[in-house]
Amino acid sequence: MQPNLTQRLSALALAGLATILIASSAFAQFSLTNPAGIAINDQSTATPFPSTVGVSNVVGTIEKVTVTLNNINHRYPDDIDVLLVGPLGDQVLLWSDAGGGGDLGGVTLTFDSAESASLPDDTQIASGAYKPTNYEDLFDAFGALGGAPWSTDLGDFADSDPNGTWSLYVVDDGSSDDTHMLLASR
C-alpha cells in the first residue's frame with residue numbers, strides 16, 4: 001500500500017460509504033473508506049457497533065483528521081451520538097444530541113476541529129462543515145468505552161500512529177423513531 005495515494009479500505013456495515021480523511025506527516029493525505037452504511041436502530045446501538053476500518057503500512061504520524069458522514073437519514077437527529085475511536089484508543093465525540101426534531105434526509109456533514117460553526121442544538125441540521133459538537137454530555141453512553149466527559153477535538157489524534165483499527169460508534173439514545181440509515185461517513 002502506498003500511503004501517499006488516496007487509499008480506500010473496506011470494512012463492515014450495511015449500505016453506503018464510510019471515510020476518514022487523515023493528513024500524515026510523511027505524506028499529504030489519505031482516506032479510509034467504509035463502503036457500507038450503518039443502520040441507526042431506535043433507542044439502541046447501531047448495526048454494526050462499531051463500524052470498523054483497518055489501516056496498515058502507513059508511514060508517519062497524523063497531522064489532521066476530518067470525518068464526513070454522507071447521506072444521513074433520521075427523523076429525530078437529537079437522539080444521535082457518534083464517537084470516533086482511533087487505533088491507540090483516543091476517543092472523540094463527533095455529534096451528540098444536536099438538531100432537535102427536524103428530519104434529516106440525505107444530509108452530509110463534515111466534522112473538522114478547525115471549523116467555527118457547531119451543529120445547531122434545537123434547529124434543523126443542514127449539510128455542511130461543523131466542528132464536533134456535544135450537547136447533554138451526561139446521557140452519552142457507548143457501552144464498554146466508559147462515559148462522559150468526551151473530547152470533541154479531532155486534534156487529539158495528532159502525532160499518533162494511524163495504523164490499526166479505527167472504530168465509529170453510533171447510538172440512538174432516544175425512542176420511537178424507527179430504524180434509519182447513516183449511509184456514509186468519512
# chains A, B, ... in the order shown; residues from 1 in each chain; ligands from 1
call {"tool": "closest_atom_pairs", "arguments": {"of": "segment 144-172 of chain A", "to": "segment 54-74 of chain A", "cutoff": "9 Å", "atoms": "only C-alpha atoms", "output": "CSV"}}
result
residue,atom,partner,partner_atom,distance
A:Leu154,CA,A:Val65,CA,6.0
A:Gly155,CA,A:Lys64,CA,6.5
A:Phe157,CA,A:Ile62,CA,6.6
A:Ala158,CA,A:Ile62,CA,4.9
A:Asp159,CA,A:Ile62,CA,5.0
A:Ser160,CA,A:Thr61,CA,5.2
A:Asp161,CA,A:Thr61,CA,4.9
A:Pro162,CA,A:Ile62,CA,6.2
A:Asn163,CA,A:Val55,CA,4.8
A:Gly164,CA,A:Val55,CA,5.1
A:Thr165,CA,A:Gly54,CA,4.4
A:Trp166,CA,A:Gly54,CA,6.2
A:Ser167,CA,A:Gly54,CA,8.8
call {"tool": "atom_distance", "arguments": {"atom1": "atom CA of Ala114 of chain A", "atom2": "atom CA of Gly143 of chain A"}}
result
28.9 Å
call {"tool": "closest_atom_pairs", "arguments": {"of": "segment 27-51 of chain A", "to": "segment 81-97 of chain A", "cutoff": "10 Å", "atoms": "only C-alpha atoms", "output": "CSV"}}
result
residue,atom,partner,partner_atom,distance
A:Thr45,CA,A:Asp81,CA,9.6
A:Ala46,CA,A:Val82,CA,9.9
A:Pro50,CA,A:Leu83,CA,9.4
A:Ser51,CA,A:Leu84,CA,9.8
call {"tool": "write_last_selection", "arguments": {"atoms": "C-alpha atoms", "output": "PDB file, in the first residue's frame"}}
result
ATOM      1  CA  THR A  45     -26.680   0.832  19.290  1.00  0.00           C
ATOM      2  CA  ALA A  46     -26.269   0.945  15.517  1.00  0.00           C
ATOM      3  CA  PRO A  50     -18.844  -0.340  15.942  1.00  0.00           C
ATOM      4  CA  SER A  51     -18.244   0.084  12.238  1.00  0.00           C
TER       5      SER A  51
END
call {"tool": "residues_around", "arguments": {"residues": "Asn134 of chain A", "least_positions_apart": "3", "cutoff": "12 Å", "atoms": "only C-alpha atoms", "output": "PyMOL selection string"}}
result
chain A and resi 78-83+92-99+118-121+130-131+137-140+148-153
call {"tool": "write_last_selection", "arguments": {"atoms": "N, CA and C atoms", "output": "PDB file, in the first residue's frame"}}
result
ATOM      1  N   ASP A  78     -31.638  14.671  17.208  1.00  0.00           N
ATOM      2  CA  ASP A  78     -31.214  14.942  18.579  1.00  0.00           C
ATOM      3  C   ASP A  78     -30.885  13.656  19.336  1.00  0.00           C
ATOM      4  N   ASP A  79     -31.384  12.520  18.858  1.00  0.00           N
ATOM      5  CA  ASP A  79     -31.128  11.224  19.502  1.00  0.00           C
ATOM      6  C   ASP A  79     -29.768  10.624  19.128  1.00  0.00           C
ATOM      7  N   ILE A  80     -29.101  11.170  18.124  1.00  0.00           N
ATOM      8  CA  ILE A  80     -27.890  10.536  17.585  1.00  0.00           C
ATOM      9  C   ILE A  80     -26.637  10.964  18.347  1.00  0.00           C
ATOM     10  N   ASP A  81     -25.799   9.972  18.670  1.00  0.00           N
ATOM     11  CA  ASP A  81     -24.474  10.198  19.234  1.00  0.00           C
ATOM     12  C   ASP A  81     -23.482   9.427  18.370  1.00  0.00           C
ATOM     13  N   VAL A  82     -22.374  10.076  17.970  1.00  0.00           N
ATOM     14  CA  VAL A  82     -21.367   9.447  17.112  1.00  0.00           C
ATOM     15  C   VAL A  82     -19.990   9.664  17.742  1.00  0.00           C
ATOM     16  N   LEU A  83     -19.263   8.571  17.963  1.00  0.00           N
ATOM     17  CA  LEU A  83     -17.943   8.605  18.590  1.00  0.00           C
ATOM     18  C   LEU A  83     -16.925   7.931  17.685  1.00  0.00           C
ATOM     19  N   VAL A  92     -13.031  10.623  20.301  1.00  0.00           N
ATOM     20  CA  VAL A  92     -13.538  11.959  20.020  1.00  0.00           C
ATOM     21  C   VAL A  92     -15.011  11.856  19.671  1.00  0.00           C
ATOM     22  N   LEU A  93     -15.831  12.587  20.416  1.00  0.00           N
ATOM     23  CA  LEU A  93     -17.267  12.636  20.159  1.00  0.00           C
ATOM     24  C   LEU A  93     -17.509  13.629  19.032  1.00  0.00           C
ATOM     25  N   LEU A  94     -18.043  13.143  17.916  1.00  0.00           N
ATOM     26  CA  LEU A  94     -18.285  13.978  16.743  1.00  0.00           C
ATOM     27  C   LEU A  94     -19.624  14.699  16.819  1.00  0.00           C
ATOM     28  N   TRP A  95     -20.641  14.004  17.346  1.00  0.00           N
ATOM     29  CA  TRP A  95     -22.003  14.528  17.299  1.00  0.00           C
ATOM     30  C   TRP A  95     -22.773  13.944  18.464  1.00  0.00           C
ATOM     31  N   SER A  96     -23.409  14.827  19.231  1.00  0.00           N
ATOM     32  CA  SER A  96     -24.238  14.348  20.324  1.00  0.00           C
ATOM     33  C   SER A  96     -25.402  15.286  20.571  1.00  0.00           C
ATOM     34  N   ASP A  97     -26.616  14.738  20.436  1.00  0.00           N
ATOM     35  CA  ASP A  97     -27.841  15.419  20.848  1.00  0.00           C
ATOM     36  C   ASP A  97     -28.046  16.765  20.166  1.00  0.00           C
ATOM     37  N   ALA A  98     -27.720  16.862  18.886  1.00  0.00           N
ATOM     38  CA  ALA A  98     -27.865  18.102  18.129  1.00  0.00           C
ATOM     39  C   ALA A  98     -29.008  17.985  17.117  1.00  0.00           C
ATOM     40  N   GLY A  99     -29.584  19.109  16.768  1.00  0.00           N
ATOM     41  CA  GLY A  99     -30.536  19.153  15.670  1.00  0.00           C
ATOM     42  C   GLY A  99     -31.997  19.047  16.029  1.00  0.00           C
ATOM     43  N   SER A 118     -20.785  25.158  15.134  1.00  0.00           N
ATOM     44  CA  SER A 118     -21.234  23.905  15.748  1.00  0.00           C
ATOM     45  C   SER A 118     -22.525  23.464  15.080  1.00  0.00           C
ATOM     46  N   LEU A 119     -22.851  22.181  15.189  1.00  0.00           N
ATOM     47  CA  LEU A 119     -24.181  21.740  14.784  1.00  0.00           C
ATOM     48  C   LEU A 119     -25.191  22.498  15.639  1.00  0.00           C
ATOM     49  N   PRO A 120     -26.355  22.838  15.091  1.00  0.00           N
ATOM     50  CA  PRO A 120     -27.353  23.534  15.908  1.00  0.00           C
ATOM     51  C   PRO A 120     -27.922  22.607  16.982  1.00  0.00           C
ATOM     52  N   ASP A 121     -28.286  23.191  18.121  1.00  0.00           N
ATOM     53  CA  ASP A 121     -28.813  22.386  19.226  1.00  0.00           C
ATOM     54  C   ASP A 121     -30.265  21.982  18.995  1.00  0.00           C
ATOM     55  N   TYR A 130     -18.807  21.383  10.131  1.00  0.00           N
ATOM     56  CA  TYR A 130     -19.003  21.786  11.511  1.00  0.00           C
ATOM     57  C   TYR A 130     -17.861  21.257  12.371  1.00  0.00           C
ATOM     58  N   LYS A 131     -17.636  21.919  13.501  1.00  0.00           N
ATOM     59  CA  LYS A 131     -16.722  21.333  14.473  1.00  0.00           C
ATOM     60  C   LYS A 131     -17.491  20.251  15.229  1.00  0.00           C
ATOM     61  N   ASP A 137     -23.967  16.067  27.616  1.00  0.00           N
ATOM     62  CA  ASP A 137     -22.875  15.106  27.792  1.00  0.00           C
ATOM     63  C   ASP A 137     -23.199  13.948  28.723  1.00  0.00           C
ATOM     64  N   LEU A 138     -23.985  14.167  29.730  1.00  0.00           N
ATOM     65  CA  LEU A 138     -24.227  13.131  30.731  1.00  0.00           C
ATOM     66  C   LEU A 138     -25.000  11.929  30.216  1.00  0.00           C
ATOM     67  N   PHE A 139     -25.674  12.060  29.087  1.00  0.00           N
ATOM     68  CA  PHE A 139     -26.514  10.986  28.585  1.00  0.00           C
ATOM     69  C   PHE A 139     -25.844  10.134  27.503  1.00  0.00           C
ATOM     70  N   ASP A 140     -24.610  10.430  27.174  1.00  0.00           N
ATOM     71  CA  ASP A 140     -23.927   9.705  26.108  1.00  0.00           C
ATOM     72  C   ASP A 140     -23.302   8.423  26.648  1.00  0.00           C
ATOM     73  N   ALA A 148     -18.958  10.033  29.917  1.00  0.00           N
ATOM     74  CA  ALA A 148     -18.610  11.439  29.844  1.00  0.00           C
ATOM     75  C   ALA A 148     -17.577  11.777  30.917  1.00  0.00           C
ATOM     76  N   PRO A 149     -16.803  12.826  30.745  1.00  0.00           N
ATOM     77  CA  PRO A 149     -16.851  13.744  29.606  1.00  0.00           C
ATOM     78  C   PRO A 149     -16.054  13.221  28.414  1.00  0.00           C
ATOM     79  N   TRP A 150     -16.524  13.586  27.222  1.00  0.00           N
ATOM     80  CA  TRP A 150     -15.877  13.181  25.979  1.00  0.00           C
ATOM     81  C   TRP A 150     -15.151  14.367  25.365  1.00  0.00           C
ATOM     82  N   SER A 151     -14.033  14.122  24.729  1.00  0.00           N
ATOM     83  CA  SER A 151     -13.345  15.156  23.961  1.00  0.00           C
ATOM     84  C   SER A 151     -14.108  15.386  22.666  1.00  0.00           C
ATOM     85  N   THR A 152     -14.105  16.628  22.191  1.00  0.00           N
ATOM     86  CA  THR A 152     -14.676  16.950  20.876  1.00  0.00           C
ATOM     87  C   THR A 152     -13.605  17.562  19.977  1.00  0.00           C
ATOM     88  N   ASP A 153     -12.348  17.253  20.251  1.00  0.00           N
ATOM     89  CA  ASP A 153     -11.237  17.818  19.489  1.00  0.00           C
ATOM     90  C   ASP A 153     -10.551  16.738  18.659  1.00  0.00           C
TER      91      ASP A 153
END
call {"tool": "select_by_dssp", "arguments": {"residues": "segment 90-183 of chain A", "states": "helix (DSSP H, G or I)", "output": "ChimeraX atom specification"}}
result
/A:137-139,143-145,154-157
call {"tool": "atom_distance", "arguments": {"atom1": "atom CA of Ser44 of chain A", "atom2": "atom CA of Asp172 of chain A"}}
result
5.4 Å
call {"tool": "select_by_dssp", "arguments": {"residues": "segment 56-138 of chain A", "states": "strand (DSSP E or B)", "output": "MDAnalysis selection string"}}
result
chainID A and resid 62:74 80:85 91:96 104:111 118 128:131 133:134
call {"tool": "atom_distance", "arguments": {"atom1": "atom CA of Gln29 of chain A", "atom2": "atom CA of Ser127 of chain A"}}
result
23.4 Å
